[in-house]
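Below is the file work_19.txt, which contains compact mmCIF, C-alpha atoms and all ligand atoms.
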# COMPACT_ATOMS: atom_id res chain seq x y z
CA MET A 1 1.03 -57.90 -32.22
CA THR A 2 -0.91 -60.86 -30.84
CA THR A 3 0.29 -63.78 -32.91
CA ILE A 4 -1.82 -66.60 -34.25
CA LEU A 5 -1.11 -69.39 -31.80
CA TYR A 6 -2.19 -72.39 -33.80
CA GLU A 7 -2.28 -73.21 -37.47
CA PRO A 8 -5.45 -71.26 -37.96
CA LEU A 9 -7.01 -73.10 -40.80
CA ALA A 10 -5.05 -76.33 -41.00
CA ALA A 11 -7.73 -78.44 -39.39
CA ARG A 12 -10.52 -76.93 -41.42
CA LYS A 13 -11.88 -77.14 -44.90
CA LEU A 14 -9.75 -74.44 -46.42
CA GLU A 15 -10.80 -74.20 -49.99
CA ARG A 16 -12.20 -70.79 -50.75
CA PRO A 17 -15.89 -71.12 -51.52
CA ASP A 18 -16.49 -70.98 -55.25
CA ARG A 19 -19.30 -69.02 -56.90
CA GLN A 20 -21.56 -72.05 -56.98
CA GLU A 21 -21.22 -72.67 -53.26
CA LEU A 22 -21.74 -69.00 -52.44
CA ASP A 23 -24.75 -68.75 -54.73
CA ALA A 24 -26.30 -71.77 -53.00
CA ARG A 25 -25.66 -70.23 -49.58
CA ILE A 26 -27.09 -66.88 -50.69
CA ALA A 27 -30.18 -68.64 -52.08
CA ALA A 28 -30.66 -70.47 -48.77
CA ALA A 29 -30.36 -67.21 -46.80
CA LEU A 30 -32.72 -65.38 -49.17
CA ALA A 31 -35.30 -68.18 -48.88
CA ARG A 32 -35.40 -67.31 -45.19
CA VAL A 33 -35.68 -63.57 -45.87
CA ASP A 34 -38.53 -64.34 -48.29
CA ARG A 35 -40.27 -66.34 -45.62
CA MET A 36 -40.10 -63.29 -43.32
CA LEU A 37 -41.55 -60.85 -45.89
CA PRO A 38 -45.29 -61.44 -45.35
CA GLN A 39 -44.93 -61.06 -41.59
CA PHE A 40 -42.61 -58.04 -41.61
CA GLY A 41 -44.20 -55.62 -44.04
CA GLU A 42 -45.68 -53.17 -41.53
CA TYR A 43 -43.79 -54.53 -38.55
CA PHE A 44 -40.17 -55.38 -37.77
CA PRO A 45 -38.62 -58.49 -36.22
CA ALA A 46 -37.93 -58.28 -32.46
CA PRO A 47 -34.23 -58.04 -31.51
CA SER A 48 -34.07 -61.74 -30.66
CA SER A 49 -36.32 -64.72 -31.19
CA GLU A 50 -38.20 -66.88 -28.71
CA SER A 51 -37.85 -70.57 -29.56
CA GLY A 52 -36.56 -69.51 -32.98
CA ILE A 53 -39.49 -67.16 -33.76
CA TYR A 54 -39.18 -63.39 -34.03
CA ALA A 55 -42.26 -61.56 -32.76
CA PRO A 56 -43.41 -58.56 -34.85
CA ILE A 57 -42.68 -55.19 -33.22
CA ASP A 58 -43.09 -51.50 -34.10
CA ASN A 59 -40.14 -49.30 -35.04
CA VAL A 60 -39.05 -48.76 -31.43
CA GLU A 61 -35.91 -50.86 -30.85
CA TRP A 62 -32.22 -50.18 -31.49
CA THR A 63 -32.29 -53.12 -33.90
CA ASN A 64 -34.93 -52.14 -36.46
CA GLY A 65 -32.38 -51.06 -39.09
CA PHE A 66 -31.00 -54.59 -39.46
CA TRP A 67 -34.21 -55.85 -41.09
CA THR A 68 -34.27 -52.93 -43.52
CA GLY A 69 -30.57 -53.47 -44.22
CA MET A 70 -31.27 -57.12 -45.02
CA LEU A 71 -33.96 -56.03 -47.47
CA TRP A 72 -31.52 -53.68 -49.23
CA LEU A 73 -28.93 -56.47 -49.42
CA ALA A 74 -31.59 -58.85 -50.78
CA TRP A 75 -32.58 -56.25 -53.38
CA GLN A 76 -28.96 -55.67 -54.40
CA LEU A 77 -28.38 -59.43 -54.66
CA THR A 78 -31.48 -60.16 -56.72
CA GLY A 79 -32.92 -56.95 -58.19
CA GLU A 80 -36.32 -58.28 -57.02
CA GLU A 81 -38.88 -55.50 -56.49
CA ARG A 82 -40.54 -57.24 -53.53
CA PHE A 83 -37.49 -56.55 -51.35
CA ARG A 84 -37.15 -52.93 -52.44
CA SER A 85 -40.80 -52.11 -51.91
CA VAL A 86 -40.80 -53.27 -48.27
CA ALA A 87 -37.46 -51.50 -47.66
CA GLU A 88 -38.95 -48.29 -49.06
CA ARG A 89 -42.01 -48.63 -46.85
CA ASN A 90 -39.62 -48.91 -43.88
CA ILE A 91 -37.99 -45.58 -44.84
CA GLN A 92 -41.21 -43.71 -44.13
CA SER A 93 -41.28 -45.39 -40.73
CA PHE A 94 -37.68 -44.31 -39.98
CA ALA A 95 -38.51 -40.74 -41.06
CA THR A 96 -41.45 -40.66 -38.65
CA ARG A 97 -39.35 -42.18 -35.87
CA VAL A 98 -36.63 -39.53 -36.00
CA GLU A 99 -39.18 -36.74 -36.42
CA ARG A 100 -41.21 -37.86 -33.38
CA LEU A 101 -38.09 -38.80 -31.39
CA VAL A 102 -39.28 -42.35 -30.70
CA ASN A 103 -36.62 -44.07 -28.57
CA VAL A 104 -33.68 -42.21 -30.09
CA ASP A 105 -32.02 -41.32 -26.77
CA HIS A 106 -29.00 -43.59 -27.37
CA HIS A 107 -26.02 -44.03 -29.68
CA ASP A 108 -27.54 -46.78 -31.82
CA LEU A 109 -28.81 -44.14 -34.23
CA GLY A 110 -25.90 -45.33 -36.37
CA PHE A 111 -27.12 -48.91 -36.59
CA LEU A 112 -30.67 -47.68 -37.16
CA TYR A 113 -30.09 -45.10 -39.88
CA THR A 114 -26.95 -46.32 -41.67
CA LEU A 115 -28.65 -49.53 -42.77
CA SER A 116 -32.04 -48.01 -43.50
CA ALA A 117 -32.02 -44.36 -44.57
CA CYS A 118 -28.38 -43.98 -45.64
CA ALA A 119 -28.48 -47.27 -47.58
CA ALA A 120 -31.71 -46.13 -49.25
CA TYR A 121 -30.23 -42.77 -50.25
CA ARG A 122 -27.06 -44.46 -51.50
CA LEU A 123 -29.00 -46.98 -53.59
CA THR A 124 -32.02 -45.01 -54.80
CA GLY A 125 -31.31 -41.31 -54.18
CA ASP A 126 -34.41 -41.01 -51.94
CA THR A 127 -34.25 -37.49 -50.46
CA LEU A 128 -36.54 -38.24 -47.50
CA ALA A 129 -34.06 -40.98 -46.58
CA ARG A 130 -31.20 -38.49 -46.81
CA SER A 131 -32.87 -35.94 -44.54
CA SER A 132 -33.82 -38.64 -42.00
CA GLY A 133 -30.23 -39.90 -41.96
CA LEU A 134 -28.94 -36.38 -41.41
CA GLU A 135 -31.41 -35.74 -38.60
CA ALA A 136 -30.28 -38.98 -36.92
CA ALA A 137 -26.65 -37.88 -37.29
CA ARG A 138 -27.47 -34.52 -35.64
CA LEU A 139 -28.99 -36.37 -32.68
CA LEU A 140 -25.94 -38.62 -32.47
CA LEU A 141 -23.62 -35.60 -32.52
CA LYS A 142 -25.51 -34.18 -29.53
CA ARG A 143 -24.39 -37.25 -27.57
CA PHE A 144 -20.73 -36.27 -27.94
CA ASP A 145 -19.22 -35.01 -24.70
CA PRO A 146 -16.44 -32.52 -25.52
CA VAL A 147 -14.61 -33.00 -22.21
CA ALA A 148 -14.66 -36.80 -22.12
CA ASN A 149 -14.29 -36.86 -25.93
CA VAL A 150 -16.69 -39.78 -26.21
CA ILE A 151 -20.17 -40.39 -27.53
CA GLN A 152 -22.31 -41.33 -24.54
CA ALA A 153 -23.85 -44.70 -25.25
CA TRP A 154 -27.05 -44.74 -23.30
CA GLY A 155 -29.51 -42.63 -21.39
CA ASP A 156 -30.08 -38.97 -20.78
CA MET A 157 -26.95 -36.83 -21.18
CA LYS A 158 -27.43 -35.58 -17.61
CA ASP A 159 -27.85 -39.05 -16.08
CA PRO A 160 -24.90 -39.34 -13.64
CA LYS A 161 -24.82 -43.12 -14.06
CA GLN A 162 -24.37 -42.90 -17.83
CA ARG A 163 -22.35 -39.72 -18.27
CA GLY A 164 -19.06 -40.29 -20.07
CA ARG A 165 -19.79 -43.98 -20.69
CA MET A 166 -18.59 -45.22 -24.06
CA ILE A 167 -19.05 -48.72 -25.48
CA ILE A 168 -17.23 -50.65 -28.16
CA ASP A 169 -20.40 -51.25 -30.21
CA CYS A 170 -20.33 -47.52 -31.04
CA ASN A 171 -17.50 -48.13 -33.51
CA LEU A 172 -20.27 -49.18 -35.90
CA ASN A 173 -22.35 -46.10 -35.08
CA VAL A 174 -19.74 -43.47 -35.96
CA PRO A 175 -19.87 -44.16 -39.73
CA LEU A 176 -23.17 -42.23 -39.65
CA LEU A 177 -21.20 -39.16 -38.52
CA TYR A 178 -18.62 -39.51 -41.29
CA TRP A 179 -21.43 -39.86 -43.82
CA ALA A 180 -23.14 -36.71 -42.48
CA SER A 181 -19.88 -34.76 -42.70
CA ARG A 182 -19.45 -35.74 -46.32
CA GLU A 183 -23.07 -34.96 -47.18
CA THR A 184 -23.20 -31.57 -45.48
CA GLY A 185 -19.60 -30.37 -45.51
CA ASN A 186 -19.90 -29.82 -41.74
CA LYS A 187 -16.64 -31.09 -40.23
CA ASP A 188 -18.06 -31.23 -36.68
CA PHE A 189 -19.56 -34.66 -37.37
CA ALA A 190 -16.25 -36.18 -38.46
CA ALA A 191 -14.30 -34.39 -35.70
CA ALA A 192 -16.52 -35.98 -33.02
CA ALA A 193 -16.17 -39.39 -34.67
CA ASP A 194 -12.37 -39.00 -34.84
CA LYS A 195 -12.15 -38.10 -31.17
CA HIS A 196 -14.45 -40.91 -30.07
CA LEU A 197 -12.45 -43.49 -32.06
CA ALA A 198 -9.20 -42.23 -30.58
CA GLN A 199 -10.63 -42.74 -27.09
CA ALA A 200 -11.97 -46.18 -28.09
CA ALA A 201 -8.49 -47.22 -29.22
CA LYS A 202 -6.90 -45.87 -26.05
CA LEU A 203 -9.42 -47.01 -23.45
CA LEU A 204 -11.43 -49.97 -24.74
CA VAL A 205 -8.51 -52.03 -26.09
CA ARG A 206 -6.39 -53.76 -23.45
CA ALA A 207 -2.66 -54.53 -23.78
CA ASP A 208 -3.37 -58.16 -24.79
CA ALA A 209 -5.80 -57.00 -27.54
CA SER A 210 -8.84 -58.11 -25.58
CA THR A 211 -11.48 -55.43 -25.10
CA PHE A 212 -13.65 -53.81 -22.48
CA HIS A 213 -17.29 -53.68 -23.43
CA THR A 214 -17.75 -50.27 -21.83
CA PHE A 215 -15.54 -47.60 -20.29
CA TYR A 216 -16.28 -44.53 -18.17
CA VAL A 217 -14.51 -41.22 -18.69
CA ASP A 218 -14.84 -38.36 -16.19
CA THR A 219 -16.88 -35.61 -17.85
CA LYS A 220 -15.48 -32.91 -15.56
CA THR A 221 -11.77 -33.67 -15.96
CA GLY A 222 -11.65 -35.84 -19.10
CA LYS A 223 -9.68 -38.45 -17.13
CA PRO A 224 -10.26 -42.18 -17.71
CA ARG A 225 -12.16 -43.84 -14.88
CA HIS A 226 -12.64 -47.58 -15.38
CA GLY A 227 -13.82 -50.30 -17.72
CA SER A 228 -16.84 -52.49 -17.06
CA THR A 229 -18.99 -54.96 -18.87
CA HIS A 230 -22.67 -54.79 -19.67
CA GLN A 231 -23.30 -57.95 -21.67
CA GLY A 232 -20.10 -59.91 -21.06
CA HIS A 233 -19.10 -62.48 -18.44
CA SER A 234 -17.08 -60.10 -16.26
CA ASP A 235 -15.45 -56.68 -16.30
CA ASP A 236 -12.10 -58.18 -17.26
CA SER A 237 -13.30 -60.73 -19.84
CA SER A 238 -13.89 -60.03 -23.54
CA TRP A 239 -17.53 -60.20 -24.54
CA ALA A 240 -17.34 -61.95 -27.94
CA ARG A 241 -19.69 -59.57 -29.73
CA GLY A 242 -17.81 -56.59 -28.33
CA GLN A 243 -14.58 -58.00 -29.75
CA ALA A 244 -16.34 -58.53 -33.09
CA TRP A 245 -17.69 -54.95 -33.08
CA GLY A 246 -14.09 -53.90 -32.41
CA ILE A 247 -12.60 -55.89 -35.30
CA TYR A 248 -15.12 -54.53 -37.77
CA GLY A 249 -15.30 -51.06 -36.24
CA PHE A 250 -11.54 -50.41 -36.20
CA ALA A 251 -11.20 -51.72 -39.76
CA LEU A 252 -13.92 -49.23 -40.74
CA ALA A 253 -12.10 -46.54 -38.74
CA TRP A 254 -9.20 -46.96 -41.14
CA ARG A 255 -11.60 -46.59 -44.09
CA HIS A 256 -12.83 -43.28 -42.66
CA THR A 257 -9.60 -41.81 -41.30
CA SER A 258 -6.76 -43.47 -43.31
CA ASP A 259 -4.91 -43.82 -39.98
CA PRO A 260 -2.90 -47.07 -40.22
CA ALA A 261 -2.91 -47.40 -36.41
CA TYR A 262 -6.54 -48.54 -36.71
CA LEU A 263 -5.59 -51.36 -39.08
CA ASP A 264 -3.00 -52.52 -36.59
CA ILE A 265 -5.58 -52.50 -33.80
CA ALA A 266 -8.14 -54.34 -35.93
CA SER A 267 -5.52 -57.01 -36.73
CA LYS A 268 -4.59 -57.46 -33.07
CA LEU A 269 -8.24 -57.75 -32.08
CA ALA A 270 -8.82 -60.24 -34.91
CA ASN A 271 -5.90 -62.41 -33.80
CA HIS A 272 -7.09 -62.36 -30.20
CA PHE A 273 -10.56 -63.40 -31.36
CA LEU A 274 -9.35 -66.13 -33.74
CA ASN A 275 -7.11 -67.62 -31.07
CA ARG A 276 -10.10 -68.19 -28.83
CA LEU A 277 -12.45 -70.02 -31.16
CA PRO A 278 -13.72 -73.50 -30.44
CA GLY A 279 -13.09 -76.20 -33.04
CA ASP A 280 -15.96 -75.31 -35.35
CA GLY A 281 -14.79 -71.68 -35.60
CA ILE A 282 -17.94 -70.16 -34.04
CA CYS A 283 -17.16 -68.17 -30.89
CA CYS A 284 -18.67 -68.80 -27.49
CA TRP A 285 -20.68 -65.82 -26.23
CA ASP A 286 -17.70 -64.56 -24.21
CA LEU A 287 -14.08 -65.22 -25.18
CA ILE A 288 -13.26 -66.37 -21.65
CA PHE A 289 -14.88 -69.62 -22.85
CA THR A 290 -13.27 -71.66 -25.59
CA ASP A 291 -14.89 -75.03 -24.99
CA GLU A 292 -16.32 -77.28 -27.67
CA VAL A 293 -19.53 -78.09 -25.86
CA GLY A 294 -21.58 -76.75 -23.02
CA THR A 295 -21.23 -72.98 -23.52
CA PRO A 296 -23.70 -71.17 -25.77
CA ARG A 297 -22.17 -69.83 -28.97
CA ASP A 298 -22.88 -66.43 -30.42
CA SER A 299 -23.42 -66.96 -34.14
CA SER A 300 -24.19 -63.23 -34.49
CA ALA A 301 -20.72 -62.30 -33.20
CA ALA A 302 -19.25 -64.82 -35.65
CA ALA A 303 -21.12 -63.18 -38.55
CA ILE A 304 -19.99 -59.67 -37.49
CA ALA A 305 -16.40 -60.90 -37.15
CA ALA A 306 -16.55 -62.45 -40.64
CA CYS A 307 -17.55 -59.07 -42.10
CA GLY A 308 -14.84 -57.36 -40.05
CA LEU A 309 -12.19 -59.84 -41.23
CA LEU A 310 -13.20 -59.23 -44.84
CA GLU A 311 -13.09 -55.44 -44.38
CA LEU A 312 -9.68 -55.79 -42.71
CA ALA A 313 -8.31 -58.13 -45.40
CA GLN A 314 -9.39 -55.70 -48.11
CA ALA A 315 -7.74 -52.80 -46.30
CA LEU A 316 -4.35 -54.46 -45.70
CA PRO A 317 -1.58 -53.91 -48.26
CA LEU A 318 -1.39 -56.60 -50.96
CA SER A 319 2.00 -57.64 -49.57
CA ASN A 320 0.57 -58.41 -46.11
CA GLU A 321 0.35 -62.18 -45.70
CA MET A 322 -2.50 -61.88 -43.19
CA ARG A 323 -4.85 -60.74 -45.96
CA GLU A 324 -5.31 -64.29 -47.13
CA THR A 325 -5.51 -65.67 -43.60
CA TYR A 326 -8.29 -63.28 -42.61
CA GLU A 327 -10.21 -63.93 -45.82
CA ALA A 328 -9.90 -67.67 -45.36
CA TRP A 329 -11.06 -67.40 -41.74
CA ALA A 330 -14.06 -65.31 -42.77
CA ALA A 331 -14.97 -67.86 -45.43
CA ALA A 332 -14.55 -70.75 -42.97
CA ILE A 333 -16.80 -69.03 -40.41
CA VAL A 334 -19.46 -68.31 -43.04
CA ARG A 335 -19.32 -71.90 -44.25
CA THR A 336 -19.83 -73.26 -40.73
CA LEU A 337 -22.69 -70.81 -40.11
CA GLY A 338 -24.34 -71.95 -43.34
CA ASP A 339 -23.80 -75.65 -42.63
CA ASN A 340 -24.70 -75.81 -38.94
CA TYR A 341 -26.40 -72.61 -37.76
CA LEU A 342 -29.00 -71.90 -40.44
CA ALA A 343 -32.58 -71.82 -39.13
CA PRO A 344 -34.86 -74.53 -40.53
CA LEU A 345 -37.45 -73.36 -43.05
CA GLU A 346 -40.19 -74.92 -40.93
CA GLY A 347 -40.71 -73.79 -37.35
CA SER A 348 -38.61 -70.62 -37.41
CA ASN A 349 -38.74 -67.21 -39.07
CA ALA A 350 -35.05 -66.39 -38.66
CA VAL A 351 -31.93 -66.84 -40.78
CA LEU A 352 -29.34 -67.93 -38.19
CA LEU A 353 -29.91 -69.69 -34.89
CA HIS A 354 -27.67 -70.04 -31.82
CA ALA A 355 -26.82 -66.47 -30.91
CA VAL A 356 -26.87 -64.80 -27.50
CA TYR A 357 -28.38 -61.35 -27.00
CA HIS A 358 -27.79 -60.60 -23.32
CA MET A 359 -26.53 -63.42 -21.12
CA PRO A 360 -26.45 -61.49 -17.80
CA ASN A 361 -30.13 -60.61 -18.32
CA LYS A 362 -30.88 -64.12 -19.65
CA ALA A 363 -32.41 -62.52 -22.75
CA GLY A 364 -32.19 -64.19 -26.14
CA VAL A 365 -29.84 -66.98 -25.04
CA ASP A 366 -29.31 -69.57 -27.78
CA GLU A 367 -31.76 -67.73 -30.00
CA ALA A 368 -31.69 -65.92 -33.32
CA CYS A 369 -30.65 -62.24 -33.22
CA ILE A 370 -31.69 -60.00 -36.08
CA TRP A 371 -28.23 -58.39 -36.47
CA GLY A 372 -26.71 -61.87 -36.86
CA ASP A 373 -29.05 -62.45 -39.81
CA TYR A 374 -28.04 -59.10 -41.32
CA PHE A 375 -24.29 -59.65 -40.97
CA TYR A 376 -24.48 -63.21 -42.30
CA LEU A 377 -26.09 -61.87 -45.48
CA GLU A 378 -23.55 -59.02 -45.62
CA ALA A 379 -20.68 -61.52 -45.29
CA LEU A 380 -22.11 -63.56 -48.17
CA MET A 381 -22.47 -60.40 -50.25
CA ARG A 382 -18.85 -59.47 -49.52
CA LEU A 383 -17.57 -62.94 -50.40
CA ARG A 384 -19.52 -63.13 -53.65
CA HIS A 385 -19.55 -59.61 -55.09
CA PRO A 386 -17.52 -56.41 -55.09
CA TRP A 387 -19.69 -54.31 -52.76
CA GLU A 388 -19.60 -50.78 -51.40
CA PRO A 389 -20.46 -51.16 -47.70
CA TYR A 390 -23.40 -49.20 -46.31
CA TRP A 391 -20.94 -48.29 -43.51
CA SER A 392 -18.65 -46.42 -45.92
N1 LIG B 1 -25.16 -53.30 -29.55
C1 LIG B 1 -25.81 -54.16 -28.62
C2 LIG B 1 -25.49 -55.58 -28.82
O1 LIG B 1 -24.60 -55.93 -29.60
O2 LIG B 1 -26.16 -56.39 -28.19
In C-alpha cells, what does this structure look like?
Amino acid sequence: MTTILYEPLAARKLERPDRQELDARIAAALARVDRMLPQFGEYFPAPSSESGIYAPIDNVEWTNGFWTGMLWLAWQLTGEERFRSVAERNIQSFATRVERLVNVDHHDLGFLYTLSACAAYRLTGDTLARSSGLEAARLLLKRFDPVANVIQAWGDMKDPKQRGRMIIDCNLNVPLLYWASRETGNKDFAAAADKHLAQAAKLLVRADASTFHTFYVDTKTGKPRHGSTHQGHSDDSSWARGQAWGIYGFALAWRHTSDPAYLDIASKLANHFLNRLPGDGICCWDLIFTDEVGTPRDSSAAAIAACGLLELAQALPLSNEMRETYEAWAAAIVRTLGDNYLAPLEGSNAVLLHAVYHMPNKAGVDEACIWGDYFYLEALMRLRHPWEPYWS
C-alpha cells in the first residue's frame, strides 16, 4: 500500500470541527445557495463560472444534477420549503430530458439522475422521479459493451474513436445501475456495474496508485489497449479530479459490492492523493504539480476527495487506524475550503471558487465548478449529520 510519506496532519489545525463550527460553515454555504435561488428556478447554473458568475442554462449539460442535488441537501439540512419546491420543479425537467433524449448520449446519466430523480424518490417517494431514474439507468446500461466489459464514456456506441473507452469519473455513475437493480429486481444493471468496476480497478489504477483518466479496451477482442488523459496534464500524470473520483468511486464500489479489494484500492488512491497536496491541503489541478504557488488549484477535486475520504473512513473496520486519519484529512480540507475558497457574497453566484474544469481546453480555469459546490455541501452534511448518501 502507498504509505503516507509525511506526518499528514501535524502541520495543520487538527482539531475536529465541532458542531458550532460546522453549523457556521453550513450556514455560510447555504447563504450562497439561497443567493442562487432566484436566478436558478427555471434555469440551471452552467458547468463552470466566468469571473465567478454562473450563467443560466437549460437542462442540457452533464452537470445539471449537481444543482438539484444541492437543493435536496439544502432541504435536508434545513427543512425549508423553498429548496424543496425548486428541486421538485427540476424533477419535471429531468423527466422531460430523458423522455426527449436531450443530450443523454454519454455515461454521465449517473451524475444527472442520481442527484436529481433518485434523490427525489428517496426523499419524497415521487413516482415520476423513480420512472425517470429508471429510464436513465436503462440508457446507461445500453452503453455497456459486453466484450470490453466497460461502459463507454462518450459518443455514439459505433464511433470508432470512442468505442471501448472507459473513464474514471464513471465510478460515480455506476451507483445509478445498482439502484436500478434494487428497484426493479433486474440483475443485468448490477452485473454491468460489477464488470465495469472490475475493469476500472484493473486498468485505470496504476501500480503506484496513481490513475489514468481514460483507458481504451478493444471491443473485438476485449484486450486492454492503452491509457490516455482527457483533462489531465499528460497521459502518464494523475489528473487530480480523476484521482478524487477514484477515491470516492472505489469506496462506493465497496458499499455496493462488499468486495474488500475496493476498500484497499480506495485507500491506496487516497494515500497517493494526500501525499501530493500543497501546504494548504487543496490539490493542484493535476497531481504532477505539488507547488504552493503558481499552479491553479482544483477546489472541486478537493471537495470530492473530502467526501470520498469520509465514505472510506466510514467503511473501514473500527480497528483500522486510517479511519481517523482520513476523517481528519477530510475535515482539514473542508476547513481550508471554507476559510479560503468560499465565493464572496457580492460579485459571485457560486459557493466555492478556484476550481479547474478543463485545463487542456482552457475552460473554467480558476473558476467555480458546480460539482465542487455540490460536493462541498455534501462533505459538510457528512461531517455534521448521519446521512444516507444519494449514491447508495
Ligand atoms: N466528469 C467530468 C469532470 O469531472 O470534469
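With all atoms listed in the file as the atoms that count, the residue of A:Ala328, A:Leu112, A:Ile91, A:Cys284 with the shortest distance to Leu383 (chain A) is A:Ala328.
Proximal residues of ligand LIG 1 (chain B) are Asp169, Arg241, Gly242, Tyr357 and His358 of chain A, by a cut-off of 7 Å on only C-alpha atoms and all ligand atoms.
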What would the file look like if the residues just selected were written as a CSV table (one decimal), in the frame of the given file with C-alpha atoms?
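And here is the file that came out, result01.csv:
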chain,number,residue,atom,x,y,z
A,169,ASP,CA,-20.4,-51.2,-30.2
A,241,ARG,CA,-19.7,-59.6,-29.7
A,242,GLY,CA,-17.8,-56.6,-28.3
A,357,TYR,CA,-28.4,-61.4,-27.0
A,358,HIS,CA,-27.8,-60.6,-23.3
Where does region 310-388 of chain A meet region 215-236 of chain A within 12 Å, residue by residue, with the nearest atom pair and distance in Å to one decimal for each, counting only C-alpha atoms, listed by chain and rising number, as CSV?
residue,atom,partner,partner_atom,distance
A:Val356,CA,A:Gln231,CA,9.7
A:Tyr357,CA,A:Gln231,CA,8.1
A:His358,CA,A:Gln231,CA,5.5
A:Met359,CA,A:Gln231,CA,6.4
A:Pro360,CA,A:Gln231,CA,6.1
A:Asn361,CA,A:Gln231,CA,8.1
A:Lys362,CA,A:Gln231,CA,10.0
A:Ala363,CA,A:Gln231,CA,10.2
A:Gly364,CA,A:Gln231,CA,11.7
A:Val365,CA,A:Gln231,CA,11.6
Of the candidates A:Lys195, A:Arg335, A:Arg255, A:Arg122, which shows the shortest atom-to-atom distance to Glu311 (chain A), using only C-alpha atoms? A:Arg255
Selected residue, from A:Lys187, A:His256, A:Arg89, A:His196, that lies nearest to Ala148 (chain A) when counting only C-alpha atoms: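 Of A:Lys187, A:His256, A:Arg89, A:His196, the one nearest Ala148 (chain A) is A:His196, counting only C-alpha atoms.
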Tell me, in Å to one decimal, how far CA of Trp239 (chain A) is from CA of Gly281 (chain A).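 Between CA of Trp239 (chain A) and CA of Gly281 (chain A) the gap is 16.2 Å.
Between CA of Ala120 (chain A) and CA of Ala190 (chain A) the interatomic distance comes to 21.3 Å.
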So that I can check the surroundings of Ala209 (chain A), please list as number ranges by chain every protein, DNA and RNA residue that reaches within 8 Å of it, counting all atoms listed in the file and ignoring chain neighbours fewer than 4 positions away. A: 2, 205, 265, 268-269, 272
Kindly give the distance, in Å, that separates CA of Val104 (chain A) and CA of Asp58 (chain A), rounded to a single decimal.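 So the two atoms, CA of Val104 (chain A) and CA of Asp58 (chain A), lie 13.8 Å apart.
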Show which residues sit within 10 Å of Leu345 (chain A), as number ranges by chain. Count all atoms listed in the file, and ignore same-chain residues fewer than 3 positions away. A: 28, 31-32, 35, 342, 348-351
Selected residue, from A:Leu73, A:Ala355, A:Ala198, A:Leu204, that lies nearest to Ser51 (chain A) when counting all atoms listed in the file: A:Ala355
Can you list, as an MDAnalysis selection string, every protein, DNA or RNA residue that comes within 8 Å of Tyr43 (chain A) when you count all atoms listed in the file, leaving out same-chain residues fewer than 6 positions away? chainID A and resid 56:59
Would you mind listing what lies within 8 Å of Leu377 (chain A) as a PDB file with C-alpha atoms, in the frame of the given file, with all atoms listed in the file counted and same-chain residues fewer than 4 positions away left out?
ATOM      1  CA  ILE A  26     -27.090 -66.880 -50.690  1.00  0.00           C
ATOM      2  CA  ALA A  29     -30.360 -67.210 -46.800  1.00  0.00           C
ATOM      3  CA  MET A  70     -31.270 -57.120 -45.020  1.00  0.00           C
ATOM      4  CA  LEU A  73     -28.930 -56.470 -49.420  1.00  0.00           C
ATOM      5  CA  ASP A 373     -29.050 -62.450 -39.810  1.00  0.00           C
ATOM      6  CA  MET A 381     -22.470 -60.400 -50.250  1.00  0.00           C
TER       7      MET A 381
END
From the options A:Tyr262, A:Phe289, A:Trp329, A:Tyr248, which residue's atoms come nearest to Ala301 (chain A), counting only C-alpha atoms?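 Answer, going by the shortest atom-to-atom distance: A:Tyr248.
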Near-Leu139 (chain A) list (9 Å; only C-alpha atoms; drop same-chain fewer than 2 positions) as a PyMOL selection string: chain A and resi 98+104-107+109+134-137+141-143
Nearest to Leu123 (chain A): which of A:Ala330, A:Leu71, A:Leu310, A:Val150 is it, counting all atoms listed in the file? A:Leu71
